[in-house]
Amino acid sequence: MLAKILVVEDEPDVRFLLRMLLEEEGYHVAEADDGEKAVVAALESPHDLVLLDLRLPKMNGFDVCRAIRKRSAVPIVMLTAHDDSHDVVAGLEAGADDYVAKPFVERELLARIRVQLRRTHGGGRGSAVLHGGPLELHPEEALVLRGADPVNLTRTEYRLLLHFMTNPHRVYSREQLLEQVWEYDYAGDGRLVDAHVRRLRLKIETDPANPTLLLTVRGMGYKFVP
């Protein structure tokens, strides 16, 4: 079945370009031209991915992202102003899975979309239940429990935690995580990793400011200590 992508962009010319580009790749495309319409469209009809501009009328992209994340784990790729570091970090903290800077390179945008769409929760890691401190991860069900309580993770957060729990105590650099979790075979942005680690800590750590499970190894990267 062909993937359905929601394009959220208020500039008609850019929205038309994105529709043409995505439809040429065989995707079904739905559109929203402001933030309020985007939230309604994302939550009332199932989509496989949301392509989200951050500068929107009525409701900005950061708030749109947060609103979607409260009820959905759909992959979100945000469109940001070129080299706007604040927007990138804020968007990732709001719940986006990835970003592409505008003006975008069509090949790069399509590659980022394909990476998100080909992911599955299970990740092909087998069915054994993984344990780490208070956490249980059930790969067959894509379920994470903290004690008896389910942990609500996005697809990318789940894959990151699965990777760490499958390889406890091993230190991973940002570059290795981008390659193995985000599946990038080219230089990526370490801010993606840092933002997702921070979000993951908020959900799995008793005290996210003083983590005991997902640790920073200064100058090297991150590791998971059960």
# chains A, B, ... in the order shown; residues from 1 in each chain; ligands from 1
call {"tool": "select_by_dssp", "arguments": {"residues": "range 72-148 of chain A", "states": "alpha helix (DSSP H)", "output": "PyMOL selection string"}}
result
chain A and resi 85-94+106-118
call {"tool": "select_by_dssp", "arguments": {"residues": "range 10-209 of chain A", "states": "strand (DSSP E or B)", "output": "VMD selection string"}}
result
chain A and resid 28 to 32 49 to 53 76 to 81 98 to 102 130 to 132 135 to 138 143 to 146 149 to 150 172
call {"tool": "write_last_selection", "arguments": {"atoms": "C-alpha atoms", "output": "JSON list (two decimals), in the first residue's frame"}}
result
[["chain", "number", "residue", "atom", "x", "y", "z"],
["A", 28, "HIS", "CA", -0.59, 9.85, -1.55],
["A", 29, "VAL", "CA", -0.57, 13.48, -0.38],
["A", 30, "ALA", "CA", -2.91, 15.41, 1.90],
["A", 31, "GLU", "CA", -2.41, 19.10, 2.64],
["A", 32, "ALA", "CA", -2.92, 21.65, 5.40],
["A", 49, "LEU", "CA", 4.28, 10.63, 7.85],
["A", 50, "VAL", "CA", 3.82, 14.36, 8.50],
["A", 51, "LEU", "CA", 6.01, 16.86, 6.65],
["A", 52, "LEU", "CA", 5.75, 19.95, 8.83],
["A", 53, "ASP", "CA", 6.83, 23.53, 8.22],
["A", 76, "ILE", "CA", 7.33, 13.90, 11.75],
["A", 77, "VAL", "CA", 9.92, 15.50, 9.47],
["A", 78, "MET", "CA", 10.07, 19.25, 9.95],
["A", 79, "LEU", "CA", 11.09, 21.90, 7.45],
["A", 80, "THR", "CA", 13.25, 24.61, 9.02],
["A", 81, "ALA", "CA", 14.90, 27.83, 7.94],
["A", 98, "ASP", "CA", 14.09, 14.59, 11.78],
["A", 99, "TYR", "CA", 14.45, 17.86, 9.89],
["A", 100, "VAL", "CA", 15.38, 19.21, 6.47],
["A", 101, "ALA", "CA", 16.55, 22.80, 5.95],
["A", 102, "LYS", "CA", 14.86, 25.09, 3.43],
["A", 130, "LEU", "CA", 14.78, -7.16, 27.23],
["A", 131, "HIS", "CA", 15.29, -5.98, 30.79],
["A", 132, "GLY", "CA", 17.16, -2.96, 32.09],
["A", 135, "LEU", "CA", 12.36, -1.26, 32.18],
["A", 136, "GLU", "CA", 10.98, -4.14, 30.15],
["A", 137, "LEU", "CA", 10.99, -4.01, 26.37],
["A", 138, "HIS", "CA", 8.83, -6.46, 24.41],
["A", 143, "LEU", "CA", 5.88, -2.35, 24.15],
["A", 144, "VAL", "CA", 8.00, -0.70, 26.82],
["A", 145, "LEU", "CA", 7.05, -0.95, 30.49],
["A", 146, "ARG", "CA", 8.47, 0.94, 33.43],
["A", 149, "ASP", "CA", 3.23, 1.25, 33.50],
["A", 150, "PRO", "CA", 3.55, 1.49, 29.70],
["A", 172, "TYR", "CA", 27.99, 4.61, 20.97]]
call {"tool": "closest_atom_pairs", "arguments": {"of": "range 45-154 of chain A", "to": "range 2-22 of chain A", "cutoff": "12 Å", "atoms": "only C-alpha atoms", "output": "JSON lines"}}
result
{"residue": "A:Ser45", "atom": "CA", "partner": "A:Leu6", "partner_atom": "CA", "distance": 9.8}
{"residue": "A:Pro46", "atom": "CA", "partner": "A:Lys4", "partner_atom": "CA", "distance": 8.1}
{"residue": "A:His47", "atom": "CA", "partner": "A:Lys4", "partner_atom": "CA", "distance": 5.3}
{"residue": "A:Asp48", "atom": "CA", "partner": "A:Lys4", "partner_atom": "CA", "distance": 5.3}
{"residue": "A:Leu49", "atom": "CA", "partner": "A:Ile5", "partner_atom": "CA", "distance": 5.0}
{"residue": "A:Val50", "atom": "CA", "partner": "A:Leu6", "partner_atom": "CA", "distance": 4.7}
{"residue": "A:Leu51", "atom": "CA", "partner": "A:Val7", "partner_atom": "CA", "distance": 4.9}
{"residue": "A:Leu52", "atom": "CA", "partner": "A:Val8", "partner_atom": "CA", "distance": 4.9}
{"residue": "A:Asp53", "atom": "CA", "partner": "A:Glu9", "partner_atom": "CA", "distance": 5.4}
{"residue": "A:Leu54", "atom": "CA", "partner": "A:Glu9", "partner_atom": "CA", "distance": 8.4}
{"residue": "A:Arg55", "atom": "CA", "partner": "A:Asp10", "partner_atom": "CA", "distance": 8.1}
{"residue": "A:Leu56", "atom": "CA", "partner": "A:Asp10", "partner_atom": "CA", "distance": 6.1}
{"residue": "A:Pro57", "atom": "CA", "partner": "A:Asp10", "partner_atom": "CA", "distance": 7.4}
{"residue": "A:Lys58", "atom": "CA", "partner": "A:Asp10", "partner_atom": "CA", "distance": 10.5}
{"residue": "A:Met59", "atom": "CA", "partner": "A:Asp10", "partner_atom": "CA", "distance": 11.2}
{"residue": "A:Asn60", "atom": "CA", "partner": "A:Val8", "partner_atom": "CA", "distance": 10.7}
{"residue": "A:Gly61", "atom": "CA", "partner": "A:Val8", "partner_atom": "CA", "distance": 8.8}
{"residue": "A:Val64", "atom": "CA", "partner": "A:Val8", "partner_atom": "CA", "distance": 9.9}
{"residue": "A:Cys65", "atom": "CA", "partner": "A:Val8", "partner_atom": "CA", "distance": 11.0}
{"residue": "A:Val74", "atom": "CA", "partner": "A:Ile5", "partner_atom": "CA", "distance": 10.3}
{"residue": "A:Pro75", "atom": "CA", "partner": "A:Ile5", "partner_atom": "CA", "distance": 9.9}
{"residue": "A:Ile76", "atom": "CA", "partner": "A:Leu6", "partner_atom": "CA", "distance": 9.6}
{"residue": "A:Val77", "atom": "CA", "partner": "A:Val7", "partner_atom": "CA", "distance": 9.9}
{"residue": "A:Met78", "atom": "CA", "partner": "A:Val8", "partner_atom": "CA", "distance": 9.3}
{"residue": "A:Leu79", "atom": "CA", "partner": "A:Glu9", "partner_atom": "CA", "distance": 9.0}
{"residue": "A:Thr80", "atom": "CA", "partner": "A:Glu9", "partner_atom": "CA", "distance": 11.2}
{"residue": "A:Lys102", "atom": "CA", "partner": "A:Val14", "partner_atom": "CA", "distance": 10.2}
{"residue": "A:Pro103", "atom": "CA", "partner": "A:Val14", "partner_atom": "CA", "distance": 9.7}
{"residue": "A:Phe104", "atom": "CA", "partner": "A:Leu18", "partner_atom": "CA", "distance": 10.4}
{"residue": "A:Val105", "atom": "CA", "partner": "A:Leu21", "partner_atom": "CA", "distance": 11.3}
{"residue": "A:Glu106", "atom": "CA", "partner": "A:Leu21", "partner_atom": "CA", "distance": 7.9}
{"residue": "A:Arg107", "atom": "CA", "partner": "A:Leu21", "partner_atom": "CA", "distance": 10.1}
{"residue": "A:Leu109", "atom": "CA", "partner": "A:Leu18", "partner_atom": "CA", "distance": 9.9}
{"residue": "A:Leu110", "atom": "CA", "partner": "A:Leu22", "partner_atom": "CA", "distance": 8.0}
{"residue": "A:Ala111", "atom": "CA", "partner": "A:Leu22", "partner_atom": "CA", "distance": 11.6}
{"residue": "A:Ile113", "atom": "CA", "partner": "A:Ile5", "partner_atom": "CA", "distance": 9.4}
{"residue": "A:Arg114", "atom": "CA", "partner": "A:Ala3", "partner_atom": "CA", "distance": 10.0}
{"residue": "A:Gln116", "atom": "CA", "partner": "A:Ala3", "partner_atom": "CA", "distance": 11.1}
{"residue": "A:Leu117", "atom": "CA", "partner": "A:Ala3", "partner_atom": "CA", "distance": 7.8}
{"residue": "A:Arg118", "atom": "CA", "partner": "A:Ala3", "partner_atom": "CA", "distance": 10.1}
call {"tool": "write_last_selection", "arguments": {"atoms": "C-alpha atoms", "output": "PDB file, in the first residue's frame"}}
result
ATOM      1  CA  SER A  45      -7.198  10.630   9.559  1.00  0.00           C
ATOM      2  CA  PRO A  46      -4.318   8.135   9.632  1.00  0.00           C
ATOM      3  CA  HIS A  47      -1.114   9.198   7.893  1.00  0.00           C
ATOM      4  CA  ASP A  48       2.217   7.456   7.508  1.00  0.00           C
ATOM      5  CA  LEU A  49       4.276  10.635   7.847  1.00  0.00           C
ATOM      6  CA  VAL A  50       3.822  14.362   8.496  1.00  0.00           C
ATOM      7  CA  LEU A  51       6.014  16.858   6.646  1.00  0.00           C
ATOM      8  CA  LEU A  52       5.755  19.945   8.833  1.00  0.00           C
ATOM      9  CA  ASP A  53       6.826  23.525   8.220  1.00  0.00           C
ATOM     10  CA  LEU A  54       7.525  25.369  11.469  1.00  0.00           C
ATOM     11  CA  ARG A  55       6.429  28.873  10.499  1.00  0.00           C
ATOM     12  CA  LEU A  56       2.668  28.557  10.192  1.00  0.00           C
ATOM     13  CA  PRO A  57      -0.349  30.839  10.733  1.00  0.00           C
ATOM     14  CA  LYS A  58      -2.831  30.298  13.596  1.00  0.00           C
ATOM     15  CA  MET A  59      -0.621  27.723  15.345  1.00  0.00           C
ATOM     16  CA  ASN A  60       3.122  27.384  14.885  1.00  0.00           C
ATOM     17  CA  GLY A  61       4.817  24.143  13.944  1.00  0.00           C
ATOM     18  CA  VAL A  64       1.472  21.438  16.138  1.00  0.00           C
ATOM     19  CA  CYS A  65       4.202  18.905  16.793  1.00  0.00           C
ATOM     20  CA  VAL A  74       3.459   9.183  13.441  1.00  0.00           C
ATOM     21  CA  PRO A  75       6.905  10.133  12.052  1.00  0.00           C
ATOM     22  CA  ILE A  76       7.329  13.901  11.752  1.00  0.00           C
ATOM     23  CA  VAL A  77       9.919  15.500   9.470  1.00  0.00           C
ATOM     24  CA  MET A  78      10.069  19.247   9.954  1.00  0.00           C
ATOM     25  CA  LEU A  79      11.089  21.901   7.455  1.00  0.00           C
ATOM     26  CA  THR A  80      13.246  24.606   9.023  1.00  0.00           C
ATOM     27  CA  LYS A 102      14.857  25.087   3.426  1.00  0.00           C
ATOM     28  CA  PRO A 103      15.545  25.595   0.617  1.00  0.00           C
ATOM     29  CA  PHE A 104      15.719  21.807   0.531  1.00  0.00           C
ATOM     30  CA  VAL A 105      17.537  19.509  -1.849  1.00  0.00           C
ATOM     31  CA  GLU A 106      14.901  17.195  -3.332  1.00  0.00           C
ATOM     32  CA  ARG A 107      17.111  14.106  -3.163  1.00  0.00           C
ATOM     33  CA  LEU A 109      14.267  15.324   1.423  1.00  0.00           C
ATOM     34  CA  LEU A 110      13.115  12.138  -0.293  1.00  0.00           C
ATOM     35  CA  ALA A 111      15.893  10.151   1.381  1.00  0.00           C
ATOM     36  CA  ILE A 113      11.242  10.479   4.106  1.00  0.00           C
ATOM     37  CA  ARG A 114      12.161   6.983   2.888  1.00  0.00           C
ATOM     38  CA  GLN A 116      11.261   7.215   8.244  1.00  0.00           C
ATOM     39  CA  LEU A 117       8.748   5.218   6.227  1.00  0.00           C
ATOM     40  CA  ARG A 118      10.733   1.982   6.072  1.00  0.00           C
TER      41      ARG A 118
END
call {"tool": "residues_around", "arguments": {"residues": "range 198-213 of chain A", "least_positions_apart": "3", "cutoff": "10 Å", "atoms": "only C-alpha atoms", "output": "PyMOL selection string"}}
result
chain A and resi 92-95+132-135+144-146+151-154+156-158+160-161+164-165+168-169+193-195+216+223-226
call {"tool": "write_last_selection", "arguments": {"atoms": "C-alpha atoms", "output": "tab-separated table (two decimals), in the first residue's frame"}}
result
chain	number	residue	atom	x	y	z
A	92	LEU	CA	13.34	18.12	17.90
A	93	GLU	CA	12.52	18.81	21.54
A	94	ALA	CA	8.87	19.26	20.54
A	95	GLY	CA	8.82	15.73	19.16
A	132	GLY	CA	17.16	-2.96	32.09
A	133	GLY	CA	16.64	-1.59	35.59
A	134	PRO	CA	12.90	-0.88	35.94
A	135	LEU	CA	12.36	-1.26	32.18
A	144	VAL	CA	8.00	-0.70	26.82
A	145	LEU	CA	7.05	-0.95	30.49
A	146	ARG	CA	8.47	0.94	33.43
A	151	VAL	CA	5.98	4.10	28.39
A	152	ASN	CA	4.63	6.11	25.47
A	153	LEU	CA	7.49	6.44	22.95
A	154	THR	CA	7.68	7.74	19.42
A	156	THR	CA	12.43	6.91	16.84
A	157	GLU	CA	12.60	6.93	20.63
A	158	TYR	CA	11.58	3.28	20.64
A	160	LEU	CA	16.89	4.21	20.05
A	161	LEU	CA	15.98	2.50	23.31
A	164	PHE	CA	20.72	0.57	23.60
A	165	MET	CA	18.98	-2.24	25.50
A	168	PRO	CA	24.01	-2.72	27.15
A	169	HIS	CA	27.20	-1.11	28.45
A	193	VAL	CA	20.79	12.19	18.77
A	194	ASP	CA	21.13	14.62	21.67
A	195	ALA	CA	17.51	15.76	21.45
A	216	THR	CA	26.64	10.31	28.79
A	223	LYS	CA	25.66	4.05	26.79
A	224	PHE	CA	22.84	2.14	28.49
A	225	VAL	CA	23.57	0.65	31.91
A	226	PRO	CA	20.88	-1.79	33.13
call {"tool": "atom_distance", "arguments": {"atom1": "CA of Gly26 in chain A", "atom2": "CA of Gln180 in chain A"}}
result
26.9 Å
call {"tool": "closest_residue", "arguments": {"among": "A:Arg69, A:Ala42, A:Ser173, A:Asp97", "to": "Val115 in chain A", "atoms": "only C-alpha atoms"}}
result
A:Asp97
call {"tool": "atom_distance", "arguments": {"atom1": "CA of Arg159 in chain A", "atom2": "CA of Phe62 in chain A"}}
result
22.7 Å
